[in-house]
Structure formats: structure tokens, C-alpha cells
$ cat run.csv   # CSV, C-alpha atoms (C1' of nucleotides)
chain,number,residue,atom,x,y,z
H,21,MET,CA,19.7,-52.6,77.1
H,22,LEU,CA,21.4,-50.5,74.5
H,23,SER,CA,24.5,-48.9,75.8
H,24,LYS,CA,24.9,-45.1,75.7
H,25,LYS,CA,28.0,-45.6,73.6
H,26,THR,CA,25.9,-47.1,70.8
H,27,LYS,CA,23.1,-44.6,71.3
H,28,TYR,CA,25.5,-41.6,71.2
H,29,GLY,CA,27.3,-43.2,68.2
H,30,LEU,CA,24.1,-43.6,66.3
H,31,LYS,CA,23.1,-40.0,67.0
H,32,ALA,CA,26.4,-38.7,66.0
H,33,LEU,CA,26.4,-40.6,62.7
H,34,THR,CA,22.9,-39.4,61.8
H,35,PHE,CA,23.9,-35.9,62.6
H,36,LEU,CA,26.9,-36.2,60.2
H,37,ALA,CA,24.7,-37.8,57.6
H,38,ASN,CA,22.3,-34.9,57.8
H,39,GLN,CA,25.0,-32.4,56.9
H,40,LYS,CA,24.6,-30.8,53.5
H,41,ASP,CA,28.2,-31.3,52.5
H,42,ARG,CA,30.9,-33.6,53.7
H,43,GLU,CA,32.8,-30.9,55.5
H,44,PRO,CA,34.4,-31.9,58.9
H,45,VAL,CA,32.2,-31.2,61.9
H,46,GLN,CA,33.8,-30.5,65.3
H,47,ILE,CA,33.3,-32.9,68.2
H,48,SER,CA,32.1,-30.0,70.3
H,49,GLU,CA,29.3,-29.1,67.8
H,50,ILE,CA,28.0,-32.7,67.7
H,51,ALA,CA,28.2,-33.0,71.4
H,52,LYS,CA,26.3,-29.8,72.0
H,53,HIS,CA,23.6,-30.6,69.4
H,54,GLU,CA,23.0,-34.1,70.6
H,55,ASN,CA,23.4,-33.6,74.4
H,56,ILE,CA,26.4,-35.8,74.8
H,57,SER,CA,29.4,-35.6,77.1
H,58,GLN,CA,32.1,-34.2,74.8
H,59,LYS,CA,34.9,-36.4,76.1
H,60,PHE,CA,32.8,-39.5,75.9
H,61,LEU,CA,31.8,-38.7,72.4
H,62,GLU,CA,35.4,-38.2,71.5
H,63,SER,CA,36.3,-41.8,72.3
H,64,ILE,CA,33.2,-43.0,70.4
H,65,LEU,CA,34.1,-41.1,67.3
H,66,LEU,CA,37.7,-42.3,67.5
H,67,THR,CA,36.4,-45.9,67.4
H,68,LEU,CA,34.2,-45.1,64.4
H,69,ARG,CA,37.2,-43.6,62.6
H,70,ARG,CA,39.4,-46.6,63.3
H,71,THR,CA,36.8,-48.9,61.9
H,72,GLY,CA,36.7,-46.9,58.7
H,73,ILE,CA,33.3,-45.4,59.0
H,74,LEU,CA,34.4,-41.9,59.7
H,75,GLY,CA,37.3,-39.8,58.6
H,76,SER,CA,38.9,-37.0,60.5
H,77,LYS,CA,40.9,-33.8,60.0
H,78,LYS,CA,43.1,-32.1,62.5
H,79,GLY,CA,43.7,-28.4,63.1
H,80,LYS,CA,41.6,-25.4,62.3
H,81,GLY,CA,38.6,-26.3,60.2
H,82,GLY,CA,39.0,-29.9,61.3
H,83,GLY,CA,36.5,-32.4,62.7
H,84,TYR,CA,34.8,-35.7,61.7
H,85,TYR,CA,33.0,-36.5,58.5
H,86,LEU,CA,31.4,-39.6,56.9
H,87,ILE,CA,33.8,-41.4,54.6
H,88,LYS,CA,31.1,-43.3,52.7
H,89,ASP,CA,27.6,-42.7,51.5
H,90,PRO,CA,25.0,-43.3,54.3
H,91,SER,CA,23.3,-45.9,52.2
H,92,ASP,CA,26.6,-47.9,52.2
H,93,ILE,CA,26.8,-48.1,56.0
H,94,PRO,CA,24.7,-51.0,57.1
H,95,MET,CA,23.5,-51.2,60.7
H,96,THR,CA,25.2,-54.5,61.2
H,97,THR,CA,28.5,-52.8,60.9
H,98,VAL,CA,27.6,-50.0,63.2
H,99,MET,CA,26.1,-52.2,65.9
H,100,ARG,CA,29.0,-54.7,65.9
H,101,VAL,CA,31.5,-51.9,66.3
H,102,LEU,CA,29.7,-50.0,69.0
H,103,GLU,CA,27.5,-52.5,70.8
H,104,GLY,CA,29.5,-55.7,70.1
H,105,PRO,CA,27.9,-59.0,69.1
H,106,ILE,CA,24.4,-58.9,67.8
H,107,ALA,CA,23.6,-62.3,69.3
H,108,MET,CA,22.5,-62.4,72.9
H,109,VAL,CA,24.6,-65.5,73.7
H,110,PRO,CA,28.1,-66.2,72.3
H,111,CYS,CA,27.1,-69.7,71.2
H,112,VAL,CA,24.8,-68.3,68.4
H,113,SER,CA,27.1,-65.5,67.4
H,114,LEU,CA,28.3,-65.4,63.8
H,115,ASN,CA,31.3,-63.0,64.3
H,116,PHE,CA,32.1,-63.7,68.0
H,117,TYR,CA,31.3,-67.4,68.4
H,118,GLU,CA,32.2,-69.0,71.6
H,119,LYS,CA,31.1,-72.3,73.2
H,120,CYS,CA,29.3,-71.9,76.5
H,121,ASP,CA,31.4,-73.6,79.2
H,122,ASP,CA,28.3,-74.6,81.3
H,123,CYS,CA,26.4,-76.1,78.4
H,124,PRO,CA,27.4,-79.7,77.5
H,125,ASN,CA,25.4,-79.9,74.3
H,126,GLU,CA,24.4,-77.0,72.1
H,127,ASP,CA,22.1,-79.1,69.9
H,128,VAL,CA,19.6,-79.7,72.6
H,129,CYS,CA,20.0,-76.4,74.4
H,130,ALA,CA,16.8,-74.4,74.7
H,131,VAL,CA,18.6,-71.1,75.1
H,132,ASN,CA,20.6,-71.8,72.0
H,133,LYS,CA,17.5,-72.7,70.1
H,134,LEU,CA,15.6,-69.6,71.1
H,135,MET,CA,18.4,-67.1,70.8
H,136,LEU,CA,19.3,-68.4,67.3
H,137,LYS,CA,15.8,-67.2,66.2
H,138,VAL,CA,16.2,-63.9,67.9
H,139,ARG,CA,19.6,-63.3,66.4
H,140,ASP,CA,18.3,-64.1,62.9
H,141,SER,CA,15.4,-61.6,63.2
H,142,ALA,CA,17.6,-58.9,64.6
H,143,LEU,CA,20.2,-59.5,61.9
H,144,GLU,CA,17.5,-59.1,59.2
H,145,ILE,CA,16.6,-55.7,60.5
H,146,TYR,CA,20.2,-54.5,60.8
H,147,ARG,CA,21.1,-55.9,57.3
H,148,ASN,CA,18.2,-54.2,55.7
H,149,ASN,CA,18.7,-50.8,57.4
H,150,THR,CA,21.5,-48.4,56.5
H,151,LEU,CA,22.4,-45.1,58.0
H,152,ALA,CA,20.4,-43.6,55.1
H,153,ASP,CA,17.2,-45.2,56.4
H,154,LEU,CA,17.5,-43.4,59.8
H,155,ILE,CA,17.5,-39.9,58.5
V,270,MET,CA,23.9,-59.9,76.3
V,271,LEU,CA,21.5,-62.3,77.9
V,272,SER,CA,21.9,-62.4,81.7
V,273,LYS,CA,22.7,-65.6,83.4
V,274,LYS,CA,19.5,-65.2,85.4
V,275,THR,CA,17.5,-65.5,82.2
V,276,LYS,CA,19.7,-68.3,80.8
V,277,TYR,CA,19.4,-70.3,84.0
V,278,GLY,CA,15.7,-69.6,84.2
V,279,LEU,CA,15.1,-70.9,80.7
V,280,LYS,CA,17.1,-74.0,81.3
V,281,ALA,CA,15.2,-74.7,84.5
V,282,LEU,CA,11.9,-74.2,82.8
V,283,THR,CA,12.7,-76.6,80.0
V,284,PHE,CA,14.0,-79.1,82.5
V,285,LEU,CA,10.7,-79.0,84.2
V,286,ALA,CA,8.8,-79.2,81.0
V,287,ASN,CA,10.7,-82.3,80.1
V,288,GLN,CA,9.6,-84.2,83.2
V,289,LYS,CA,7.2,-87.0,82.4
V,290,ASP,CA,4.7,-86.0,85.1
V,291,ARG,CA,4.1,-82.8,87.0
V,292,GLU,CA,5.7,-84.0,90.2
V,293,PRO,CA,7.7,-81.4,92.1
V,294,VAL,CA,11.4,-81.4,91.3
V,295,GLN,CA,13.9,-80.3,93.9
V,296,ILE,CA,16.1,-77.2,93.3
V,297,SER,CA,19.2,-79.3,94.0
V,298,GLU,CA,18.3,-81.7,91.2
V,299,ILE,CA,17.7,-78.9,88.7
V,300,ALA,CA,20.9,-77.1,89.8
V,301,LYS,CA,23.0,-80.2,89.5
V,302,HIS,CA,21.6,-81.3,86.1
V,303,GLU,CA,21.9,-77.8,84.5
V,304,ASN,CA,25.2,-76.8,86.1
V,305,ILE,CA,23.8,-73.9,88.0
V,306,SER,CA,24.7,-72.4,91.4
V,307,GLN,CA,21.9,-73.7,93.6
V,308,LYS,CA,21.4,-70.6,95.7
V,309,PHE,CA,21.2,-68.4,92.6
V,310,LEU,CA,18.8,-70.8,91.0
V,311,GLU,CA,16.7,-70.6,94.1
V,312,SER,CA,16.1,-66.9,93.7
V,313,ILE,CA,15.2,-67.4,90.1
V,314,LEU,CA,12.7,-70.1,90.7
V,315,LEU,CA,11.2,-67.9,93.4
V,316,THR,CA,10.7,-65.2,90.9
V,317,LEU,CA,9.1,-67.6,88.5
V,318,ARG,CA,6.7,-68.8,91.1
V,319,ARG,CA,5.7,-65.3,92.2
V,320,THR,CA,4.8,-64.6,88.6
V,321,GLY,CA,2.6,-67.6,88.4
V,322,ILE,CA,4.7,-69.6,86.0
V,323,LEU,CA,5.7,-72.2,88.6
V,324,GLY,CA,4.2,-73.8,91.6
V,325,SER,CA,6.0,-75.1,94.6
V,326,LYS,CA,5.6,-77.6,97.4
V,327,LYS,CA,7.5,-77.5,100.7
V,328,GLY,CA,8.8,-80.3,102.8
V,329,LYS,CA,9.7,-83.9,101.9
V,330,GLY,CA,8.8,-84.7,98.3
V,331,GLY,CA,8.6,-81.0,97.6
V,332,GLY,CA,10.1,-78.9,94.9
V,333,TYR,CA,9.0,-76.8,91.9
V,334,TYR,CA,6.7,-77.8,89.0
V,335,LEU,CA,5.1,-76.2,86.0
V,336,ILE,CA,1.7,-74.8,86.8
V,337,LYS,CA,0.5,-74.6,83.2
V,338,ASP,CA,1.0,-76.5,80.0
V,339,PRO,CA,4.3,-75.6,78.3
V,340,SER,CA,2.4,-74.5,75.2
V,341,ASP,CA,0.6,-71.9,77.3
V,342,ILE,CA,3.8,-70.2,78.4
V,343,PRO,CA,4.9,-67.7,75.8
V,344,MET,CA,8.4,-66.5,75.7
V,345,THR,CA,7.2,-62.9,76.0
V,346,THR,CA,6.2,-63.6,79.6
V,347,VAL,CA,9.3,-65.5,80.5
V,348,MET,CA,11.7,-62.9,79.0
V,349,ARG,CA,9.9,-59.9,80.6
V,350,VAL,CA,10.0,-61.6,84.0
V,351,LEU,CA,13.6,-62.7,83.9
V,352,GLU,CA,15.3,-60.3,81.5
V,353,GLY,CA,13.1,-57.3,81.8
V,354,PRO,CA,12.0,-55.1,78.9
V,355,ILE,CA,12.2,-56.6,75.4
V,356,ALA,CA,12.9,-53.2,73.9
V,357,MET,CA,16.5,-52.1,73.9
V,358,VAL,CA,15.6,-48.5,74.8
V,359,PRO,CA,12.8,-47.4,77.2
V,360,CYS,CA,11.3,-45.0,74.6
V,361,VAL,CA,10.1,-48.0,72.4
V,362,SER,CA,9.1,-50.2,75.2
V,363,LEU,CA,5.5,-51.4,75.4
V,364,ASN,CA,5.4,-52.5,79.0
V,365,PHE,CA,8.1,-50.3,80.5
V,366,TYR,CA,7.8,-47.1,78.4
V,367,GLU,CA,9.9,-44.1,79.5
V,368,LYS,CA,10.9,-40.9,77.8
V,369,CYS,CA,14.6,-40.4,77.2
V,370,ASP,CA,15.7,-37.4,79.1
V,371,ASP,CA,18.5,-36.5,76.6
V,372,CYS,CA,16.3,-36.8,73.5
V,373,PRO,CA,14.1,-33.7,72.8
V,374,ASN,CA,12.0,-35.3,70.0
V,375,GLU,CA,11.2,-39.0,69.7
V,376,ASP,CA,9.6,-38.6,66.3
V,377,VAL,CA,12.9,-37.6,64.6
V,378,CYS,CA,15.2,-39.8,66.7
V,379,ALA,CA,17.2,-42.3,64.7
V,380,VAL,CA,17.7,-44.5,67.7
V,381,ASN,CA,14.0,-44.7,68.3
V,382,LYS,CA,13.3,-45.4,64.7
V,383,LEU,CA,15.8,-48.3,64.5
V,384,MET,CA,15.1,-49.8,67.9
V,385,LEU,CA,11.4,-49.8,67.2
V,386,LYS,CA,12.0,-52.2,64.3
V,387,VAL,CA,14.3,-54.4,66.3
V,388,ARG,CA,11.7,-54.6,69.1
V,389,ASP,CA,9.0,-55.6,66.7
V,390,SER,CA,11.0,-58.4,65.2
V,391,ALA,CA,12.1,-59.7,68.6
V,392,LEU,CA,8.5,-59.5,69.9
V,393,GLU,CA,7.3,-61.6,67.0
V,394,ILE,CA,9.8,-64.3,67.9
V,395,TYR,CA,8.9,-64.3,71.5
V,396,ARG,CA,5.1,-64.2,70.8
V,397,ASN,CA,5.3,-67.2,68.5
V,398,ASN,CA,7.4,-69.3,70.7
V,399,THR,CA,6.2,-71.0,73.8
V,400,LEU,CA,8.1,-73.2,76.3
V,401,ALA,CA,6.8,-76.2,74.3
V,402,ASP,CA,8.7,-75.0,71.3
V,403,LEU,CA,12.0,-75.2,73.1
V,404,ILE,CA,11.9,-78.9,74.1
D,27,DT,C1',4.6,-84.7,118.6
D,28,DG,C1',9.1,-84.0,116.9
D,29,DA,C1',12.7,-84.8,113.5
D,30,DT,C1',13.6,-84.1,108.9
D,31,DT,C1',13.1,-82.0,104.5
D,32,DA,C1',12.9,-78.4,101.3
D,33,DT,C1',11.2,-74.0,100.1
D,34,DC,C1',11.1,-69.0,101.5
D,35,DC,C1',13.2,-64.6,102.4
D,36,DT,C1',16.5,-60.7,103.4
D,37,DA,C1',20.8,-58.8,103.4
D,38,DT,C1',25.4,-58.5,101.9
D,39,DT,C1',29.5,-59.1,99.2
D,40,DA,C1',32.2,-59.8,95.0
D,41,DA,C1',32.9,-59.1,90.3
D,42,DA,C1',32.2,-57.1,86.0
D,43,DT,C1',30.8,-53.6,83.0
D,44,DC,C1',29.5,-49.0,81.7
D,45,DT,C1',30.0,-44.1,81.8
D,46,DA,C1',32.5,-40.3,82.3
D,47,DT,C1',36.6,-37.5,83.4
D,48,DA,C1',41.5,-36.0,83.5
D,49,DG,C1',45.4,-34.5,81.4
D,50,DG,C1',48.4,-34.1,78.2
D,51,DG,C1',50.4,-35.3,73.2
D,52,DT,C1',50.3,-34.7,68.1
D,53,DA,C1',49.3,-32.9,63.7
D,54,DA,C1',47.4,-29.4,60.7
D,55,DT,C1',46.4,-24.8,59.6
D,56,DA,C1',46.9,-19.9,58.9
O,38,DT,C1',54.9,-20.1,65.6
O,39,DA,C1',50.5,-19.7,67.8
O,40,DT,C1',46.2,-21.7,67.6
O,41,DT,C1',43.0,-25.2,66.8
O,42,DA,C1',41.1,-29.6,67.2
O,43,DC,C1',41.8,-34.4,67.0
O,44,DC,C1',44.6,-38.3,69.4
O,45,DC,C1',45.6,-41.4,73.2
O,46,DT,C1',46.0,-43.6,77.8
O,47,DA,C1',44.8,-44.1,82.4
O,48,DT,C1',41.7,-43.9,86.0
O,49,DA,C1',37.8,-43.1,88.9
O,50,DG,C1',32.9,-43.3,89.8
O,51,DA,C1',28.5,-45.5,89.2
O,52,DT,C1',25.6,-49.1,88.2
O,53,DT,C1',24.4,-53.8,87.3
O,54,DT,C1',25.0,-58.6,87.7
O,55,DA,C1',26.2,-62.8,90.0
O,56,DA,C1',26.7,-65.3,93.9
O,57,DT,C1',26.8,-66.3,99.0
O,58,DA,C1',25.3,-66.4,103.8
O,59,DG,C1',22.3,-67.5,107.2
O,60,DG,C1',18.4,-68.4,109.0
O,61,DA,C1',12.8,-68.6,109.0
O,62,DT,C1',8.8,-71.1,107.7
O,63,DA,C1',5.9,-74.8,106.3
O,64,DA,C1',5.0,-79.6,105.0
O,65,DT,C1',5.8,-84.5,105.6
O,66,DC,C1',6.2,-88.8,108.0
O,67,DA,C1',7.5,-92.0,111.5

$ encode --input "run.csv" --output "C-alpha cells"
Amino acid sequence: MLSKKTKYGLKALTFLANQKDREPVQISEIAKHENISQKFLESILLTLRRTGILGSKKGKGGGYYLIKDPSDIPMTTVMRVLEGPIAMVPCVSLNFYEKCDDCPNEDVCAVNKLMLKVRDSALEIYRNNTLADLI
Amino acid sequence: MLSKKTKYGLKALTFLANQKDREPVQISEIAKHENISQKFLESILLTLRRTGILGSKKGKGGGYYLIKDPSDIPMTTVMRVLEGPIAMVPCVSLNFYEKCDDCPNEDVCAVNKLMLKVRDSALEIYRNNTLADLI
DNA sequence: TGATTATCCTATTAAATCTATAGGGTAATA
DNA sequence: TATTACCCTATAGATTTAATAGGATAATCA
């Protein structure tokens, strides 16, 4: 199941991408428009800023804004930052690989075999979709 | 992330599919061979039996066995039984559809749009892979 | 028939994760 | 220098997942 963190993050990003200009938008405005708990959204936007997807401005007239063109923000990046690994098991993860401690041999593991295919198909979607494709 | 329930269930199913004959295999044997908590596995096998994927036999010489040919057990069935909906959000689920209460309009929702594609790609994998493809 | 075997079933606990809130700090603006 | 709005950490509440406990039931076989 997709976490609310990711869901809210995606909604916030598309809201920002839909702005006419790149002027900062206040957290409160995004939260209100997208029906999101403001404080929760605050921490999500902070994460997105730290990753270099968003920029921010303090003080009056401040807020968050996209730092890149929506077509330069692939869903792989967004998903990994918000949701974590795209793979459903660590042993098929590209960016977060980890050996399963209960599985003696990856090469003959059915779970590994199946989840590798699932990962590849998901990856293809995320790679071929940018923020621009969602608006 | 894939739940351990699903992971263990898949391992148990492939173990059964790898048996030469269709003789019942005891829970304890599967649990030992696949490094799974026996009691936890017990509840998983029970679920698989209730869904009609496995058969069981009580008493001496009893155990669990596949009730169908591995090539007649698609991963869509297995995943839905063990993991639940294939979709990552209820609003794009075929078998477990539910409207999001925080989202006023599905048609313009970015999350819906993206997750629909992800669901379709996952579904294609699960539909085209049976238990026979995992062994 | 009765002892043994192994599944069947419910309830409960323990652990982990997710979601949300609280409360104040910091920097920019006018 | 007052106001605005982001910045940051900690924590609590809720939910889900994983595992355990303990016995009931049914089949087998001597």
C-alpha cells in the first residue's frame, strides 16, 4: 500500500507544478487545497527540499517552489525519496540491496525470481513518467 | 514491501510444487526446509487451503499438497490471497475498489493516474506468471 | 478401541511502522 | 523590530504485521 507520505508528497508536487509561475507557495495553502494535515505536509516538503527537488524561501512571501522543470523530475526519484525502495524485497533492490538472512540461495529463490520481474516493470513506469506527465 | 506472510507462502508453494509426487507434506518439514516459524506457516497454509489452492490431510501421513497443477495457479490469485490488493491505492483497485475520502476528483488526481499505470504493469507480470514459472 | 499423529482454530501478545501533533527555533522581509 | 513562514526534534497515538500459546478435531494404525 502506498503510504500517505508519498501520496501527499505527489499531490503537493503536482500542485506546485500546476502553478503558473515559480513563485513560492505557502505550506498552508497547499495543505488546505489538497486536504492534508499541515504539520505532516511540512515534514514531507522538508524532505523534498533536502533532496533537491524543491526550494524554499523564508519570511513574508515565502514558501516552497519547484527547483527544476517538471519534465526533469522522474518518478523514480520521487518514489525513492518518499516511499523508499521500488523493489518489494531488498534482495532485488538496485539502490537498497540487502541479502535476505533467511534465504540461503538467491539464484534458486522463487520470491527473488518473481519480484525481480515486478521491480523491472515498476521501474519502467517510474522511469518513463515525470512530474510533467501527471498534470 | 512484501510481507513475510506472502514471502513464506510463495516459498511453501514452490516447495510443494517441487515435490515429485502429490503426497502430503507436513508443515514441520516445509517450515524446517524454508526457515519459517512453524506456527506462522501453519496459519498461512490454512489460508491457502481455504482459498482452494492447497488440499490437506489430517493424521499420520498427513500434510499439505497442491490441489492443482502449478501451471494452473496464476500469481494474481496467490498475491491477492496473501498480500491483498495488487493496486497500491484503493481507488485503482480492480477487486478491492474504494473511493479515497480525501480526494474530491479521481479523474484529475495525479496519484490515481500514476498508480493506475503501476497497477497495470504489475498485473501483467502476475497474470503471465504461474507457480510453474517459479520453479 | 485407543494411542498417536498432524491439521484446525481462536485469542493474544510483541514488535515494527506509519501518521500526526506539539512546541519552539531560525531566517527573511518590510 | 515586529511579523511571517519555514526549520527541526521529539513524542504520542494508531494501525499493521509477525509470532506465540494452547488446545480442539479428525485421521491413521496397531

$ interface_residues --input "run.csv" --of "chain H" --to "chain D" --cutoff "9 Å" --atoms "only C-alpha atoms (C1' of nucleotides)" --output "VMD selection string"
chain H and resid 23 to 25 57 59 to 60 77 to 82

$ interface_residues --input "run.csv" --of "chain O" --to "chain V" --cutoff "12 Å" --atoms "only C-alpha atoms (C1' of nucleotides)" --output "list of chain:residue names"
O:DT53, O:DT54, O:DA55, O:DA56, O:DT57, O:DA58, O:DG59, O:DT62, O:DA63, O:DA64, O:DT65, O:DC66

$ interface_residues --input "run.csv" --of "chain H" --to "chain V" --cutoff "7 Å" --atoms "all atoms listed in the file" --output "VMD selection string"
chain H and resid 21 to 22 27 30 to 31 55 108 to 109 122 130 to 131 133 to 134 137 to 138 141 to 142 145 154 to 155

$ calpha_fit_and_write --input "run.csv" --fixed "chain H" --moving "chain V" --output "mmCIF file with C-alpha atoms, in the frame of the given file"
data_model
loop_
_atom_site.group_PDB
_atom_site.id
_atom_site.type_symbol
_atom_site.label_atom_id
_atom_site.label_comp_id
_atom_site.auth_asym_id
_atom_site.auth_seq_id
_atom_site.Cartn_x
_atom_site.Cartn_y
_atom_site.Cartn_z
ATOM 1 C CA MET V 270 19.705 -52.606 77.021
ATOM 2 C CA LEU V 271 21.426 -50.512 74.426
ATOM 3 C CA SER V 272 24.591 -48.861 75.792
ATOM 4 C CA LYS V 273 24.933 -45.166 75.732
ATOM 5 C CA LYS V 274 28.058 -45.609 73.625
ATOM 6 C CA THR V 275 25.945 -47.104 70.862
ATOM 7 C CA LYS V 276 23.110 -44.577 71.329
ATOM 8 C CA TYR V 277 25.522 -41.663 71.180
ATOM 9 C CA GLY V 278 27.336 -43.194 68.250
ATOM 10 C CA LEU V 279 24.146 -43.546 66.250
ATOM 11 C CA LYS V 280 23.073 -40.041 66.980
ATOM 12 C CA ALA V 281 26.455 -38.704 65.924
ATOM 13 C CA LEU V 282 26.385 -40.679 62.743
ATOM 14 C CA THR V 283 22.972 -39.416 61.744
ATOM 15 C CA PHE V 284 24.007 -35.900 62.615
ATOM 16 C CA LEU V 285 26.828 -36.219 60.222
ATOM 17 C CA ALA V 286 24.702 -37.777 57.586
ATOM 18 C CA ASN V 287 22.347 -34.873 57.812
ATOM 19 C CA GLN V 288 25.011 -32.299 56.969
ATOM 20 C CA LYS V 289 24.512 -30.771 53.555
ATOM 21 C CA ASP V 290 28.137 -31.289 52.489
ATOM 22 C CA ARG V 291 30.888 -33.551 53.723
ATOM 23 C CA GLU V 292 32.764 -30.836 55.554
ATOM 24 C CA PRO V 293 34.336 -31.872 58.844
ATOM 25 C CA VAL V 294 32.177 -31.190 61.878
ATOM 26 C CA GLN V 295 33.775 -30.498 65.223
ATOM 27 C CA ILE V 296 33.198 -32.881 68.189
ATOM 28 C CA SER V 297 32.044 -29.927 70.300
ATOM 29 C CA GLU V 298 29.299 -29.119 67.806
ATOM 30 C CA ILE V 299 28.069 -32.713 67.666
ATOM 31 C CA ALA V 300 28.254 -33.027 71.481
ATOM 32 C CA LYS V 301 26.349 -29.840 72.049
ATOM 33 C CA HIS V 302 23.614 -30.544 69.451
ATOM 34 C CA GLU V 303 23.007 -34.172 70.623
ATOM 35 C CA ASN V 304 23.383 -33.561 74.356
ATOM 36 C CA ILE V 305 26.370 -35.771 74.770
ATOM 37 C CA SER V 306 29.407 -35.554 77.083
ATOM 38 C CA GLN V 307 32.104 -34.310 74.727
ATOM 39 C CA LYS V 308 34.966 -36.380 76.066
ATOM 40 C CA PHE V 309 32.892 -39.567 75.880
ATOM 41 C CA LEU V 310 31.794 -38.699 72.398
ATOM 42 C CA GLU V 311 35.403 -38.249 71.487
ATOM 43 C CA SER V 312 36.260 -41.835 72.277
ATOM 44 C CA ILE V 313 33.310 -43.012 70.294
ATOM 45 C CA LEU V 314 34.111 -41.063 67.218
ATOM 46 C CA LEU V 315 37.658 -42.375 67.496
ATOM 47 C CA THR V 316 36.362 -45.854 67.406
ATOM 48 C CA LEU V 317 34.244 -45.079 64.406
ATOM 49 C CA ARG V 318 37.162 -43.663 62.552
ATOM 50 C CA ARG V 319 39.445 -46.604 63.328
ATOM 51 C CA THR V 320 36.811 -48.843 61.809
ATOM 52 C CA GLY V 321 36.710 -46.855 58.659
ATOM 53 C CA ILE V 322 33.244 -45.445 59.070
ATOM 54 C CA LEU V 323 34.458 -41.882 59.667
ATOM 55 C CA GLY V 324 37.270 -39.719 58.560
ATOM 56 C CA SER V 325 38.864 -36.939 60.473
ATOM 57 C CA LYS V 326 40.831 -33.763 59.932
ATOM 58 C CA LYS V 327 43.018 -32.079 62.557
ATOM 59 C CA GLY V 328 43.621 -28.451 63.202
ATOM 60 C CA LYS V 329 41.528 -25.372 62.354
ATOM 61 C CA GLY V 330 38.499 -26.285 60.256
ATOM 62 C CA GLY V 331 38.934 -29.878 61.315
ATOM 63 C CA GLY V 332 36.518 -32.368 62.697
ATOM 64 C CA TYR V 333 34.859 -35.669 61.709
ATOM 65 C CA TYR V 334 32.944 -36.510 58.495
ATOM 66 C CA LEU V 335 31.351 -39.502 56.874
ATOM 67 C CA ILE V 336 33.760 -41.342 54.645
ATOM 68 C CA LYS V 337 31.112 -43.219 52.668
ATOM 69 C CA ASP V 338 27.596 -42.632 51.488
ATOM 70 C CA PRO V 339 25.038 -43.197 54.268
ATOM 71 C CA SER V 340 23.342 -45.865 52.162
ATOM 72 C CA ASP V 341 26.584 -47.840 52.164
ATOM 73 C CA ILE V 342 26.743 -48.067 55.941
ATOM 74 C CA PRO V 343 24.678 -50.979 57.153
ATOM 75 C CA MET V 344 23.530 -51.143 60.669
ATOM 76 C CA THR V 345 25.213 -54.532 61.086
ATOM 77 C CA THR V 346 28.594 -52.801 60.933
ATOM 78 C CA VAL V 347 27.669 -49.948 63.176
ATOM 79 C CA MET V 348 26.088 -52.180 65.876
ATOM 80 C CA ARG V 349 28.994 -54.700 65.894
ATOM 81 C CA VAL V 350 31.504 -51.868 66.268
ATOM 82 C CA LEU V 351 29.712 -49.971 68.983
ATOM 83 C CA GLU V 352 27.561 -52.558 70.740
ATOM 84 C CA GLY V 353 29.478 -55.684 70.046
ATOM 85 C CA PRO V 354 27.934 -59.034 69.124
ATOM 86 C CA ILE V 355 24.377 -58.996 67.751
ATOM 87 C CA ALA V 356 23.675 -62.389 69.264
ATOM 88 C CA MET V 357 22.549 -62.400 72.856
ATOM 89 C CA VAL V 358 24.643 -65.478 73.703
ATOM 90 C CA PRO V 359 28.147 -66.280 72.329
ATOM 91 C CA CYS V 360 27.077 -69.799 71.216
ATOM 92 C CA VAL V 361 24.821 -68.310 68.392
ATOM 93 C CA SER V 362 27.102 -65.560 67.439
ATOM 94 C CA LEU V 363 28.377 -65.384 63.863
ATOM 95 C CA ASN V 364 31.299 -63.059 64.348
ATOM 96 C CA PHE V 365 32.139 -63.708 67.989
ATOM 97 C CA TYR V 366 31.248 -67.422 68.378
ATOM 98 C CA GLU V 367 32.182 -69.091 71.689
ATOM 99 C CA LYS V 368 31.133 -72.305 73.333
ATOM 100 C CA CYS V 369 29.282 -71.988 76.616
ATOM 101 C CA ASP V 370 31.313 -73.618 79.268
ATOM 102 C CA ASP V 371 28.247 -74.624 81.387
ATOM 103 C CA CYS V 372 26.301 -76.134 78.476
ATOM 104 C CA PRO V 373 27.364 -79.731 77.543
ATOM 105 C CA ASN V 374 25.301 -79.951 74.302
ATOM 106 C CA GLU V 375 24.377 -77.008 72.087
ATOM 107 C CA ASP V 376 22.115 -79.092 69.891
ATOM 108 C CA VAL V 377 19.584 -79.746 72.710
ATOM 109 C CA CYS V 378 19.952 -76.381 74.466
ATOM 110 C CA ALA V 379 16.746 -74.403 74.706
ATOM 111 C CA VAL V 380 18.614 -71.174 75.128
ATOM 112 C CA ASN V 381 20.544 -71.756 71.962
ATOM 113 C CA LYS V 382 17.463 -72.704 70.078
ATOM 114 C CA LEU V 383 15.541 -69.548 71.103
ATOM 115 C CA MET V 384 18.418 -67.106 70.850
ATOM 116 C CA LEU V 385 19.255 -68.364 67.400
ATOM 117 C CA LYS V 386 15.832 -67.192 66.198
ATOM 118 C CA VAL V 387 16.112 -63.866 67.927
ATOM 119 C CA ARG V 388 19.548 -63.311 66.338
ATOM 120 C CA ASP V 389 18.231 -64.069 62.911
ATOM 121 C CA SER V 390 15.387 -61.633 63.174
ATOM 122 C CA ALA V 391 17.609 -58.887 64.582
ATOM 123 C CA LEU V 392 20.221 -59.528 61.852
ATOM 124 C CA GLU V 393 17.585 -59.103 59.182
ATOM 125 C CA ILE V 394 16.686 -55.703 60.588
ATOM 126 C CA TYR V 395 20.211 -54.564 60.794
ATOM 127 C CA ARG V 396 21.114 -55.936 57.295
ATOM 128 C CA ASN V 397 18.220 -54.112 55.676
ATOM 129 C CA ASN V 398 18.781 -50.851 57.322
ATOM 130 C CA THR V 399 21.536 -48.480 56.469
ATOM 131 C CA LEU V 400 22.414 -45.070 57.984
ATOM 132 C CA ALA V 401 20.373 -43.531 55.128
ATOM 133 C CA ASP V 402 17.299 -45.233 56.432
ATOM 134 C CA LEU V 403 17.536 -43.485 59.757
ATOM 135 C CA ILE V 404 17.483 -39.857 58.518
#

$ residues_around --input "run.csv" --residues "Arg319 of chain V" --least-positions-apart "6" --cutoff "12 Å" --atoms "all atoms listed in the file" --output "VMD selection string"
(chain V and resid 312 to 313 325 333 336 350 to 351) or (chain D and resid 34)

$ atom_distance --input "run.csv" --atom1 "atom CA of Leu310 of chain V" --atom2 "atom CA of Ile296 of chain V"
7.3 Å

$ atom_distance --input "run.csv" --atom1 "atom CA of Leu68 of chain H" --atom2 "atom CA of Lys88 of chain H"
12.2 Å

$ atom_distance --input "run.csv" --atom1 "atom C1' of DA39 of chain O" --atom2 "atom CA of Glu62 of chain H"
24.2 Å

$ closest_residue --input "run.csv" --among "V:Ala286, V:Cys369, V:Val294, V:Ile342" --to "Gly321 of chain V" --atoms "all atoms listed in the file"
V:Ile342
